[in-house]
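Q: As input, take structure.pdb (PDB, C-alpha atoms):
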```
ATOM      1  CA  MET A 895     -22.520  14.766   9.064
ATOM      2  CA  PRO A 896     -23.761  11.198   8.361
ATOM      3  CA  PHE A 897     -21.175   8.428   8.488
ATOM      4  CA  ASP A 898     -21.253   7.152   4.895
ATOM      5  CA  PHE A 899     -19.385   3.870   5.378
ATOM      6  CA  ASP A 900     -20.360   0.202   5.401
ATOM      7  CA  PRO A 901     -18.546  -1.375   8.387
ATOM      8  CA  GLN A 902     -19.509  -4.913   7.324
ATOM      9  CA  ALA A 903     -18.661  -4.658   3.611
ATOM     10  CA  THR A 904     -17.109  -7.798   2.150
ATOM     11  CA  THR A 905     -16.836  -6.577  -1.455
ATOM     12  CA  LEU A 906     -15.518  -3.370  -3.000
ATOM     13  CA  SER A 907     -17.382  -0.361  -1.593
ATOM     14  CA  MET A 908     -16.784   3.002  -3.253
ATOM     15  CA  PRO A 909     -18.174   4.974  -0.277
ATOM     16  CA  ASN A 910     -15.655   3.112   1.877
ATOM     17  CA  ALA A 911     -12.919   3.795  -0.677
ATOM     18  CA  LYS A 912     -13.671   7.521  -0.532
ATOM     19  CA  LEU A 913     -13.375   7.747   3.242
ATOM     20  CA  LEU A 914     -10.280   5.540   3.356
ATOM     21  CA  GLY A 915      -8.749   7.571   0.520
ATOM     22  CA  GLN A 916      -9.322  10.735   2.517
ATOM     23  CA  ALA A 917      -7.717   9.078   5.553
ATOM     24  CA  SER A 918      -4.670   8.164   3.464
ATOM     25  CA  ALA A 919      -4.408  11.747   2.237
ATOM     26  CA  VAL A 920      -4.853  13.417   5.617
ATOM     27  CA  ALA A 921      -2.226  11.097   7.137
ATOM     28  CA  TYR A 922       0.369  13.424   5.585
ATOM     29  CA  GLN A 923      -0.817  16.174   7.935
ATOM     30  CA  ASN A 924       0.041  16.731  11.593
ATOM     31  CA  GLY A 925      -1.708  14.933  14.421
ATOM     32  CA  ALA A 926      -4.102  17.755  15.296
ATOM     33  CA  THR A 927      -5.316  18.026  11.712
ATOM     34  CA  CYS A 928      -5.765  14.238  11.453
ATOM     35  CA  ARG A 929      -7.774  14.264  14.665
ATOM     36  CA  GLN A 930     -10.043  17.055  13.434
ATOM     37  CA  TRP A 931     -10.590  15.323  10.092
ATOM     38  CA  ALA A 932     -11.508  12.092  11.911
ATOM     39  CA  ARG A 933     -14.116  13.849  14.024
ATOM     40  CA  ASP A 934     -15.564  15.661  11.015
ATOM     41  CA  ALA A 935     -15.744  12.325   9.154
ATOM     42  CA  GLY A 936     -17.763  10.690  11.933
ATOM     43  CA  LEU A 937     -14.890   8.949  13.710
ATOM     44  CA  ASP A 938     -15.601  10.603  17.018
ATOM     45  CA  GLY A 939     -14.190   7.975  19.383
ATOM     46  CA  ASP A 940     -10.673   7.520  20.730
ATOM     47  CA  PHE A 941      -7.895   8.892  18.520
ATOM     48  CA  ASP A 942      -4.153   8.236  18.570
ATOM     49  CA  PHE A 943      -1.449   9.706  16.330
ATOM     50  CA  PHE A 944       1.856   7.850  16.181
ATOM     51  CA  CYS A 945       5.227   8.933  14.812
ATOM     52  CA  SER A 946       8.474   7.067  15.380
ATOM     53  CA  ALA A 947      10.655  10.102  14.565
ATOM     54  CA  GLY A 948      12.304  11.144  17.801
ATOM     55  CA  ALA A 949      11.127   7.979  19.530
ATOM     56  CA  VAL A 950      13.161   5.445  17.528
ATOM     57  CA  ASN A 951      16.445   6.604  16.013
ATOM     58  CA  ASN A 952      16.645   7.093  12.235
ATOM     59  CA  THR A 953      13.005   6.189  11.614
ATOM     60  CA  ASP A 954       9.943   8.102  10.481
ATOM     61  CA  THR A 955       6.855   5.893  10.444
ATOM     62  CA  SER A 956       3.686   7.889  11.060
ATOM     63  CA  GLY A 957      -0.049   7.419  11.023
ATOM     64  CA  PHE A 958      -3.121   7.392  13.191
ATOM     65  CA  VAL A 959      -5.838   5.187  14.647
ATOM     66  CA  ALA A 960      -9.395   6.555  14.804
ATOM     67  CA  GLU A 961     -12.694   4.935  15.660
ATOM     68  CA  ASN A 962     -16.391   5.295  16.294
ATOM     69  CA  ASP A 963     -18.843   2.727  17.609
ATOM     70  CA  GLN A 964     -18.685   0.781  14.304
ATOM     71  CA  ILE A 965     -15.091   0.683  13.038
ATOM     72  CA  VAL A 966     -11.436   1.069  13.960
ATOM     73  CA  LEU A 967      -9.482   2.759  11.160
ATOM     74  CA  VAL A 968      -5.688   2.639  10.854
ATOM     75  CA  ALA A 969      -4.058   4.986   8.324
ATOM     76  CA  PHE A 970      -0.346   5.071   7.496
ATOM     77  CA  ARG A 971       1.513   8.049   6.055
ATOM     78  CA  GLY A 972       3.388   7.516   2.809
ATOM     79  CA  THR A 973       6.680   8.983   1.653
ATOM     80  CA  GLN A 974       7.097  12.644   2.552
ATOM     81  CA  PRO A 975       7.940  15.205  -0.165
ATOM     82  CA  ASN A 976      11.658  15.790  -0.679
ATOM     83  CA  VAL A 977      12.564  12.661   1.279
ATOM     84  CA  PRO A 978      14.754  10.247  -0.735
ATOM     85  CA  VAL A 979      12.779   7.120  -1.554
ATOM     86  CA  ASP A 980      15.586   4.611  -1.220
ATOM     87  CA  TRP A 981      13.138   1.712  -0.882
ATOM     88  CA  MET A 982      11.890   2.403  -4.421
ATOM     89  CA  SER A 983      15.201   2.911  -6.183
ATOM     90  CA  ASP A 984      16.954   0.040  -4.379
ATOM     91  CA  PHE A 985      17.003  -2.771  -6.912
ATOM     92  CA  ASN A 986      18.726  -5.051  -4.435
ATOM     93  CA  ALA A 987      15.811  -4.906  -1.985
ATOM     94  CA  LEU A 988      16.110  -7.756   0.480
ATOM     95  CA  HIS A 989      13.461 -10.254   1.514
ATOM     96  CA  GLU A 990      13.143 -10.756   5.262
ATOM     97  CA  THR A 991      11.222 -13.179   7.445
ATOM     98  CA  TRP A 992       8.298 -11.696   9.359
ATOM     99  CA  GLY A 993       6.139 -12.766  12.307
ATOM    100  CA  HIS A 994       4.668 -15.763  10.431
ATOM    101  CA  PRO A 995       6.607 -18.815   9.197
ATOM    102  CA  VAL A 996       5.282 -18.564   5.615
ATOM    103  CA  GLY A 997       6.888 -16.183   3.155
ATOM    104  CA  LYS A 998       9.224 -13.207   3.283
ATOM    105  CA  VAL A 999       8.632  -9.474   2.980
ATOM    106  CA  HIS A1000      10.526  -6.345   1.935
ATOM    107  CA  LYS A1001      13.082  -5.699   4.683
ATOM    108  CA  GLY A1002      12.717  -1.898   4.678
ATOM    109  CA  PHE A1003       8.917  -1.978   4.767
ATOM    110  CA  TYR A1004       8.820  -4.488   7.612
ATOM    111  CA  GLU A1005      11.346  -2.558   9.660
ATOM    112  CA  ALA A1006       9.225   0.573   9.170
ATOM    113  CA  LEU A1007       6.194  -1.271  10.576
ATOM    114  CA  ARG A1008       8.061  -2.802  13.502
ATOM    115  CA  VAL A1009       9.086   0.585  14.914
ATOM    116  CA  VAL A1010       5.428   1.335  15.674
ATOM    117  CA  TRP A1011       4.195  -2.194  16.425
ATOM    118  CA  GLY A1012       4.233  -3.092  20.109
ATOM    119  CA  LEU A1013       6.070   0.071  21.177
ATOM    120  CA  PRO A1014       4.652   2.819  23.416
ATOM    121  CA  PHE A1015       3.901   6.318  22.125
ATOM    122  CA  ASN A1016       2.908   9.070  24.510
ATOM    123  CA  GLY A1017       3.019   6.566  27.340
ATOM    124  CA  LYS A1018       0.854   3.844  25.785
ATOM    125  CA  GLU A1019       0.963   1.154  23.135
ATOM    126  CA  ILE A1020      -1.166   1.973  20.078
ATOM    127  CA  LEU A1021      -0.554  -0.957  17.715
ATOM    128  CA  PRO A1022      -1.691  -3.642  18.099
ATOM    129  CA  ALA A1023      -3.366  -2.680  21.397
ATOM    130  CA  ARG A1024      -6.100  -0.592  19.771
ATOM    131  CA  LEU A1025      -6.914  -3.506  17.452
ATOM    132  CA  LEU A1026      -6.914  -6.089  20.209
ATOM    133  CA  ASN A1027      -9.274  -3.883  22.244
ATOM    134  CA  ARG A1028     -11.612  -3.158  19.328
ATOM    135  CA  GLY A1029     -14.737  -4.603  20.923
ATOM    136  CA  ASN A1030     -17.368  -5.274  18.232
ATOM    137  CA  ARG A1031     -15.847  -2.806  15.783
ATOM    138  CA  THR A1032     -14.541  -3.990  12.401
ATOM    139  CA  VAL A1033     -10.947  -3.161  11.450
ATOM    140  CA  TRP A1034     -10.046  -1.156   8.332
ATOM    141  CA  ILE A1035      -6.490  -0.319   7.251
ATOM    142  CA  THR A1036      -5.338   2.108   4.560
ATOM    143  CA  GLY A1037      -2.396   4.056   3.168
ATOM    144  CA  HIS A1038      -0.881   5.677   0.086
ATOM    145  CA  SER A1039       2.516   4.848  -1.441
ATOM    146  CA  LEU A1040       4.820   3.503   1.291
ATOM    147  CA  GLY A1041       1.812   3.870   3.598
ATOM    148  CA  GLY A1042      -0.009   1.331   1.428
ATOM    149  CA  ALA A1043       2.769  -1.226   1.871
ATOM    150  CA  LEU A1044       2.656  -0.607   5.633
ATOM    151  CA  ALA A1045      -1.119  -1.051   5.572
ATOM    152  CA  GLU A1046      -0.820  -4.470   3.935
ATOM    153  CA  LEU A1047       1.934  -5.570   6.310
ATOM    154  CA  CYS A1048      -0.066  -4.284   9.270
ATOM    155  CA  ALA A1049      -3.072  -6.314   8.120
ATOM    156  CA  ALA A1050      -0.918  -9.433   7.766
ATOM    157  CA  GLN A1051       0.629  -8.900  11.197
ATOM    158  CA  ALA A1052      -2.781  -8.303  12.758
ATOM    159  CA  GLN A1053      -4.423 -11.306  11.093
ATOM    160  CA  PHE A1054      -1.697 -13.924  11.476
ATOM    161  CA  VAL A1055       0.337 -12.818  14.498
ATOM    162  CA  SER A1056      -2.117 -10.989  16.777
ATOM    163  CA  HIS A1057      -5.145 -12.964  15.496
ATOM    164  CA  VAL A1058      -7.178  -9.821  14.866
ATOM    165  CA  PRO A1059      -9.651 -10.211  11.974
ATOM    166  CA  VAL A1060      -9.281  -7.440   9.397
ATOM    167  CA  GLN A1061     -12.436  -6.477   7.528
ATOM    168  CA  GLY A1062     -10.806  -4.528   4.712
ATOM    169  CA  VAL A1063      -7.569  -3.055   3.374
ATOM    170  CA  TYR A1064      -7.654  -0.265   0.765
ATOM    171  CA  THR A1065      -4.361   1.063  -0.615
ATOM    172  CA  PHE A1066      -3.468   3.712  -3.182
ATOM    173  CA  GLY A1067      -0.357   3.672  -5.380
ATOM    174  CA  GLN A1068       1.123   0.893  -3.254
ATOM    175  CA  PRO A1069       4.405  -0.899  -4.076
ATOM    176  CA  ARG A1070       4.819  -4.668  -3.926
ATOM    177  CA  CYS A1071       5.752  -5.785  -0.409
ATOM    178  CA  GLY A1072       6.272  -9.561  -0.227
ATOM    179  CA  ASP A1073       7.462 -12.675  -2.050
ATOM    180  CA  GLU A1074       5.282 -15.259  -3.763
ATOM    181  CA  ALA A1075       4.818 -17.460  -0.675
ATOM    182  CA  TYR A1076       3.747 -14.443   1.402
ATOM    183  CA  ALA A1077       1.457 -13.175  -1.347
ATOM    184  CA  THR A1078      -0.117 -16.621  -1.789
ATOM    185  CA  LEU A1079      -0.827 -16.833   1.944
ATOM    186  CA  LEU A1080      -2.434 -13.385   2.022
ATOM    187  CA  GLN A1081      -4.375 -14.026  -1.170
ATOM    188  CA  SER A1082      -5.836 -17.216   0.272
ATOM    189  CA  ALA A1083      -6.768 -15.713   3.628
ATOM    190  CA  MET A1084      -7.609 -12.086   2.827
ATOM    191  CA  GLY A1085      -7.525 -11.596  -0.939
ATOM    192  CA  MET A1086     -11.229 -10.792  -1.268
ATOM    193  CA  ARG A1087     -10.912  -8.007   1.329
ATOM    194  CA  ILE A1088      -7.831  -6.276  -0.101
ATOM    195  CA  PHE A1089      -8.206  -3.575  -2.764
ATOM    196  CA  ARG A1090      -5.294  -1.835  -4.488
ATOM    197  CA  PHE A1091      -6.023   1.325  -6.457
ATOM    198  CA  ILE A1092      -3.594   2.179  -9.273
ATOM    199  CA  ASN A1093      -3.701   5.385 -11.300
ATOM    200  CA  ASP A1094      -2.646   5.007 -14.937
ATOM    201  CA  ARG A1095       1.162   5.113 -15.239
ATOM    202  CA  ASP A1096       1.946   5.538 -11.551
ATOM    203  CA  ILE A1097       5.395   3.968 -11.299
ATOM    204  CA  VAL A1098       5.222   3.042  -7.612
ATOM    205  CA  PRO A1099       2.966  -0.070  -7.925
ATOM    206  CA  ARG A1100       5.480  -1.422 -10.457
ATOM    207  CA  VAL A1101       8.301  -1.616  -7.892
ATOM    208  CA  PRO A1102      10.039  -3.536  -6.366
ATOM    209  CA  PHE A1103      10.285  -5.577  -9.540
ATOM    210  CA  TYR A1104       8.311  -8.737 -10.220
ATOM    211  CA  GLY A1105      11.570 -10.265 -11.455
ATOM    212  CA  MET A1106      13.034  -9.741  -7.977
ATOM    213  CA  GLY A1107      10.428 -12.113  -6.568
ATOM    214  CA  PHE A1108       7.905  -9.567  -5.270
ATOM    215  CA  ARG A1109       4.195 -10.136  -5.946
ATOM    216  CA  HIS A1110       0.962  -8.172  -5.668
ATOM    217  CA  TYR A1111      -2.220  -9.832  -4.412
ATOM    218  CA  GLY A1112      -5.838  -8.872  -3.748
ATOM    219  CA  GLY A1113      -8.159  -6.912  -6.000
ATOM    220  CA  GLU A1114      -6.714  -4.308  -8.359
ATOM    221  CA  ILE A1115      -8.775  -1.256  -9.333
ATOM    222  CA  PHE A1116      -7.070   0.463 -12.240
ATOM    223  CA  PHE A1117      -7.807   3.965 -13.517
ATOM    224  CA  ASN A1118      -6.743   4.207 -17.159
ATOM    225  CA  HIS A1119      -5.479   7.187 -19.156
ATOM    226  CA  GLN A1120      -9.075   8.282 -19.797
ATOM    227  CA  LYS A1121      -9.604   8.322 -16.002
ATOM    228  CA  GLN A1122     -12.001   5.393 -16.316
ATOM    229  CA  GLN A1123     -12.161   2.749 -13.601
ATOM    230  CA  VAL A1124     -11.324  -0.810 -14.642
ATOM    231  CA  ASP A1125     -11.942  -3.561 -12.087
ATOM    232  CA  ILE A1126      -9.644  -6.566 -12.277
ATOM    233  CA  ALA A1127     -10.549  -9.845 -10.562
ATOM    234  CA  THR A1128      -9.000 -10.566  -7.197
ATOM    235  CA  ALA A1129      -5.959 -12.759  -7.748
ATOM    236  CA  LEU A1130      -2.329 -13.438  -7.003
ATOM    237  CA  GLU A1131      -0.217 -11.546  -9.541
ATOM    238  CA  ASN A1132       1.041 -13.747 -12.369
ATOM    239  CA  LEU A1133       3.527 -13.052 -15.142
ATOM    240  CA  ALA A1134       0.935 -11.794 -17.640
ATOM    241  CA  ALA A1135      -0.541  -9.420 -15.037
ATOM    242  CA  ALA A1136       2.927  -8.133 -14.160
ATOM    243  CA  LEU A1137       3.731  -7.537 -17.826
ATOM    244  CA  LYS A1138       0.484  -5.660 -18.333
ATOM    245  CA  LEU A1139       1.034  -3.555 -15.221
ATOM    246  CA  GLY A1140       4.684  -2.886 -15.894
ATOM    247  CA  PHE A1141       4.680  -2.098 -19.575
ATOM    248  CA  GLY A1142       1.099  -1.479 -20.625
ATOM    249  CA  ALA A1143      -0.735  -3.596 -23.174
ATOM    250  CA  VAL A1144      -0.807  -1.137 -26.064
ATOM    251  CA  ASN A1145       1.550  -2.794 -28.506
ATOM    252  CA  PHE A1146       1.671  -6.370 -27.288
ATOM    253  CA  ASP A1147      -0.449  -9.143 -25.854
ATOM    254  CA  PRO A1148       0.750  -9.744 -22.276
ATOM    255  CA  ILE A1149      -0.584 -13.315 -22.250
ATOM    256  CA  GLU A1150       1.207 -14.199 -25.485
ATOM    257  CA  THR A1151       4.371 -12.492 -24.260
ATOM    258  CA  ALA A1152       4.176 -14.423 -20.975
ATOM    259  CA  VAL A1153       3.924 -17.695 -22.915
ATOM    260  CA  GLN A1154       6.952 -16.726 -25.032
ATOM    261  CA  MET A1155       8.977 -15.759 -21.964
ATOM    262  CA  THR A1156       8.038 -19.002 -20.230
ATOM    263  CA  ALA A1157       9.164 -21.004 -23.256
ATOM    264  CA  ALA A1158      12.447 -19.095 -23.265
ATOM    265  CA  ALA A1159      12.861 -19.778 -19.540
ATOM    266  CA  VAL A1160      12.272 -23.502 -20.055
ATOM    267  CA  LYS A1161      14.923 -23.539 -22.753
ATOM    268  CA  GLN A1162      17.343 -21.599 -20.567
ATOM    269  CA  ALA A1163      16.619 -23.875 -17.617
ATOM    270  CA  LEU A1164      17.908 -26.880 -19.553
ATOM    271  CA  PHE A1165      21.307 -25.696 -18.362
ATOM    272  CA  SER A1166      20.381 -24.547 -14.843
ATOM    273  CA  GLY A1167      17.468 -26.871 -14.039
ATOM    274  CA  ASN A1168      15.380 -24.085 -12.483
ATOM    275  CA  VAL A1169      12.623 -22.721 -14.723
ATOM    276  CA  LYS A1170      11.300 -20.269 -12.120
ATOM    277  CA  ALA A1171      14.734 -18.753 -11.502
ATOM    278  CA  ALA A1172      15.315 -18.435 -15.245
ATOM    279  CA  LEU A1173      11.928 -16.759 -15.706
ATOM    280  CA  ASP A1174      12.653 -14.309 -12.898
ATOM    281  CA  GLU A1175      15.982 -13.434 -14.512
ATOM    282  CA  LEU A1176      14.288 -12.782 -17.852
ATOM    283  CA  MET A1177      11.638 -10.612 -16.235
ATOM    284  CA  LYS A1178      14.168  -8.760 -14.103
ATOM    285  CA  ALA A1179      16.247  -7.972 -17.183
ATOM    286  CA  ARG A1180      13.157  -6.743 -19.016
ATOM    287  CA  GLU A1181      12.159  -4.508 -16.084
ATOM    288  CA  ASN A1182      15.688  -3.169 -15.716
ATOM    289  CA  ASP A1183      15.778  -2.323 -19.423
ATOM    290  CA  ALA A1184      12.439  -0.539 -19.163
ATOM    291  CA  PHE A1185      12.880   1.261 -15.853
ATOM    292  CA  GLY A1186      16.400   0.789 -14.568
ATOM    293  CA  LYS A1187      17.998   4.038 -15.711
ATOM    294  CA  ASP A1188      14.979   6.321 -15.910
ATOM    295  CA  ILE A1189      13.519   5.319 -12.554
ATOM    296  CA  GLN A1190      16.626   6.484 -10.720
ATOM    297  CA  LEU A1191      16.140   9.974 -12.125
ATOM    298  CA  LEU A1192      12.381   9.855 -11.670
ATOM    299  CA  LEU A1193      12.635   8.969  -8.004
ATOM    300  CA  ALA A1194      15.707  10.997  -7.119
ATOM    301  CA  GLU A1195      13.779  13.758  -5.354
ATOM    302  CA  GLY A1196      10.958  11.715  -3.891
ATOM    303  CA  THR A1197       7.460  10.773  -4.971
ATOM    304  CA  GLU A1198       6.260  14.367  -5.297
ATOM    305  CA  ASN A1199       7.597  14.597  -8.848
ATOM    306  CA  ILE A1200       5.574  11.625 -10.156
ATOM    307  CA  ALA A1201       2.399  13.140 -11.532
ATOM    308  CA  ASP A1202       0.291   9.976 -11.616
ATOM    309  CA  HIS A1203       1.223   9.107  -8.018
ATOM    310  CA  ASN A1204      -0.221  12.225  -6.370
ATOM    311  CA  MET A1205      -2.743  11.206  -3.713
ATOM    312  CA  THR A1206      -4.869  14.345  -3.698
ATOM    313  CA  ASP A1207      -4.824  15.411  -7.353
ATOM    314  CA  CYS A1208      -5.025  11.908  -8.797
ATOM    315  CA  TYR A1209      -6.360   9.262  -6.449
ATOM    316  CA  LEU A1210      -8.938  11.355  -4.603
ATOM    317  CA  ALA A1211     -10.018  12.904  -7.898
ATOM    318  CA  ARG A1212     -10.501   9.450  -9.471
ATOM    319  CA  LEU A1213     -12.584   8.445  -6.459
ATOM    320  CA  GLY A1214     -14.736  11.541  -6.910
ATOM    321  CA  THR A1215     -13.956  13.011  -3.518
ATOM    322  CA  THR A1216     -11.889  15.769  -1.920
ATOM    323  CA  LEU A1217     -10.172  16.331   1.383
ATOM    324  CA  THR A1218     -11.781  19.207   3.272
ATOM    325  CA  LEU A1219      -9.813  20.568   6.184
ATOM    326  CA  ALA A1220     -11.896  23.679   6.810
ATOM    327  CA  ALA A1221     -12.532  22.805  10.427
ATOM    328  CA  ALA A1222      -8.841  22.393  11.124
ATOM    329  CA  ALA A1223      -8.046  25.653   9.365
ATOM    330  CA  ALA A1224     -10.720  27.427  11.377
ATOM    331  CA  ALA A1225      -9.077  26.105  14.517
ATOM    332  CA  ASN A1226      -5.794  27.691  13.332
ATOM    333  CA  GLU A1227      -4.030  24.353  13.012
ATOM    334  CA  THR A1228      -0.781  24.566  11.070
ATOM    335  CA  ALA A1229       0.055  21.685   8.797
ATOM    336  CA  PRO A1230       2.502  20.966   5.954
ATOM    337  CA  PRO A1231       1.179  21.061   2.375
ATOM    338  CA  LEU A1232      -0.804  18.088   1.141
ATOM    339  CA  HIS A1233       0.557  15.765  -1.499
TER     340      HIS A1233
END
```
Kindly present the structure from the file in structure tokens form.
A:
Amino acid sequence: MPFDFDPQATTLSMPNAKLLGQASAVAYQNGATCRQWARDAGLDGDFDFFCSAGAVNNTDTSGFVAENDQIVLVAFRGTQPNVPVDWMSDFNALHETWGHPVGKVHKGFYEALRVVWGLPFNGKEILPARLLNRGNRTVWITGHSLGGALAELCAAQAQFVSHVPVQGVYTFGQPRCGDEAYATLLQSAMGMRIFRFINDRDIVPRVPFYGMGFRHYGGEIFFNHQKQQVDIATALENLAAALKLGFGAVNFDPIETAVQMTAAAVKQALFSGNVKAALDELMKARENDAFGKDIQLLLAEGTENIADHNMTDCYLARLGTTLTLAAAAAANETAPPLH
């Protein structure tokens, strides 16, 4: 099978997106199935599966690292079916410092990364050791849902802490993971190599709330209700973009609404002196009104019950690809259902 992937791509590559999307989907499977998929996909070099469950108490961060003579690919597993997604329904999500002095990140996401970063699994360190020992291979990182947030944090940690250049990050249905200072730093250094795929009304990319100080960055590839791909320029998320993402632009102009909200924040700040804080409060209230009650019910049983968030049925389908695990099945590998 030919390896249909551009290891040196510096702009959006749909062949790359297809393979990385498959990697994000197969990351929900067991280690043997991930290994077989990697070999079938042309990643026939060293392979490592990591899972913190059982190794670090009360954690469950999983994924794998695969490679060939051209690339090193890191894929993170997202939220498992029937596992409570507290990080999504927690509207008091905390910002935490990370390995770089600029910016703060989501505390739960960063803790989930740290349990597999610099720790040994099966007698050896996988991350960041595999990246540091990459040779001439380019580094690609991917994930769906929570796995997407881990992918972005992993890229930041690799780039700024371990000084490993990251060629590309592709995520699918990824939540926001850092504050404005963090997002600005990543946008400046890596924004043109980060691509976030969002499917229609998938709720996950809309949380944690913009009004709580979290920001997206990088390029956004949006699939609308007609399943058409809409490319949006690479940029740090601003208020108008957050309004459009959070509420849709069917019955209002997000730019005009952003101007109105800014004017209201300026007026409100006459008493507090902080326009940004006032604007965040207005946006947070708007997001809470729109999602606050319904999102708790929507997320109560995990991400499996959000139709537009499904990795296999939605994201892979929008990319025009499928995940074939025939080789693993033929080898009698047992794996949990895909989602």
Q: Report as a VMD selection string the residues that result from applying the PyMOL selection byres ((chain A and resi 1067) around 10) to the structure here.
A: chain A and resid 972 1037 to 1043 1065 to 1066 1068 to 1070 1090 to 1094 1096 to 1100 1202 to 1205 1209
Q: May I ask for the distance between CA of Phe958 in chain A and CA of Tyr922 in chain A, given in Å to one decimal place?
A: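 Between CA of Phe958 in chain A and CA of Tyr922 in chain A the gap is 10.3 Å.
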Q: Check the smallest atom-to-atom distance from each of A:Ala932, A:Leu1176, A:Leu1025, A:Val950 to Ala1152 in chain A using only C-alpha atoms, then report the winner.
A: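 Looking only at the distances to Ala1152 in chain A, the closest residue turns out to be A:Leu1176.
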Q: Quick one: which residues end up in the PyMOL selection byres ((chain A and resi 1156-1171) around 12) for this structure, as a list in words?
A: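 So the PyMOL selection byres ((chain A and resi 1156-1171) around 12) ends up selecting Glu1074, Tyr1104, Gly1105, Met1106, Gly1107, Asn1132, Leu1133, Ala1134, Pro1148, Ile1149, Glu1150, Thr1151, Ala1152, Val1153, Gln1154, Met1155, Ala1172, Leu1173, Asp1174, Glu1175, Leu1176, Met1177 and Lys1178 of chain A.
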Q: Enumerate, as a PDB file with C-alpha atoms, in the coordinates of the input, the protein, DNA and RNA residues whose atoms approach (-9.7, -1.0, 7.9) to within 7 Å, taking into account all atoms listed in the file and the coordinate frame of the file.
A:
```pdb
ATOM      1  CA  VAL A 966     -11.436   1.069  13.960  1.00  0.00           C
ATOM      2  CA  LEU A 967      -9.482   2.759  11.160  1.00  0.00           C
ATOM      3  CA  VAL A 968      -5.688   2.639  10.854  1.00  0.00           C
ATOM      4  CA  VAL A1033     -10.947  -3.161  11.450  1.00  0.00           C
ATOM      5  CA  TRP A1034     -10.046  -1.156   8.332  1.00  0.00           C
ATOM      6  CA  ILE A1035      -6.490  -0.319   7.251  1.00  0.00           C
ATOM      7  CA  THR A1036      -5.338   2.108   4.560  1.00  0.00           C
ATOM      8  CA  VAL A1060      -9.281  -7.440   9.397  1.00  0.00           C
ATOM      9  CA  GLN A1061     -12.436  -6.477   7.528  1.00  0.00           C
ATOM     10  CA  GLY A1062     -10.806  -4.528   4.712  1.00  0.00           C
ATOM     11  CA  VAL A1063      -7.569  -3.055   3.374  1.00  0.00           C
TER      12      VAL A1063
END
```
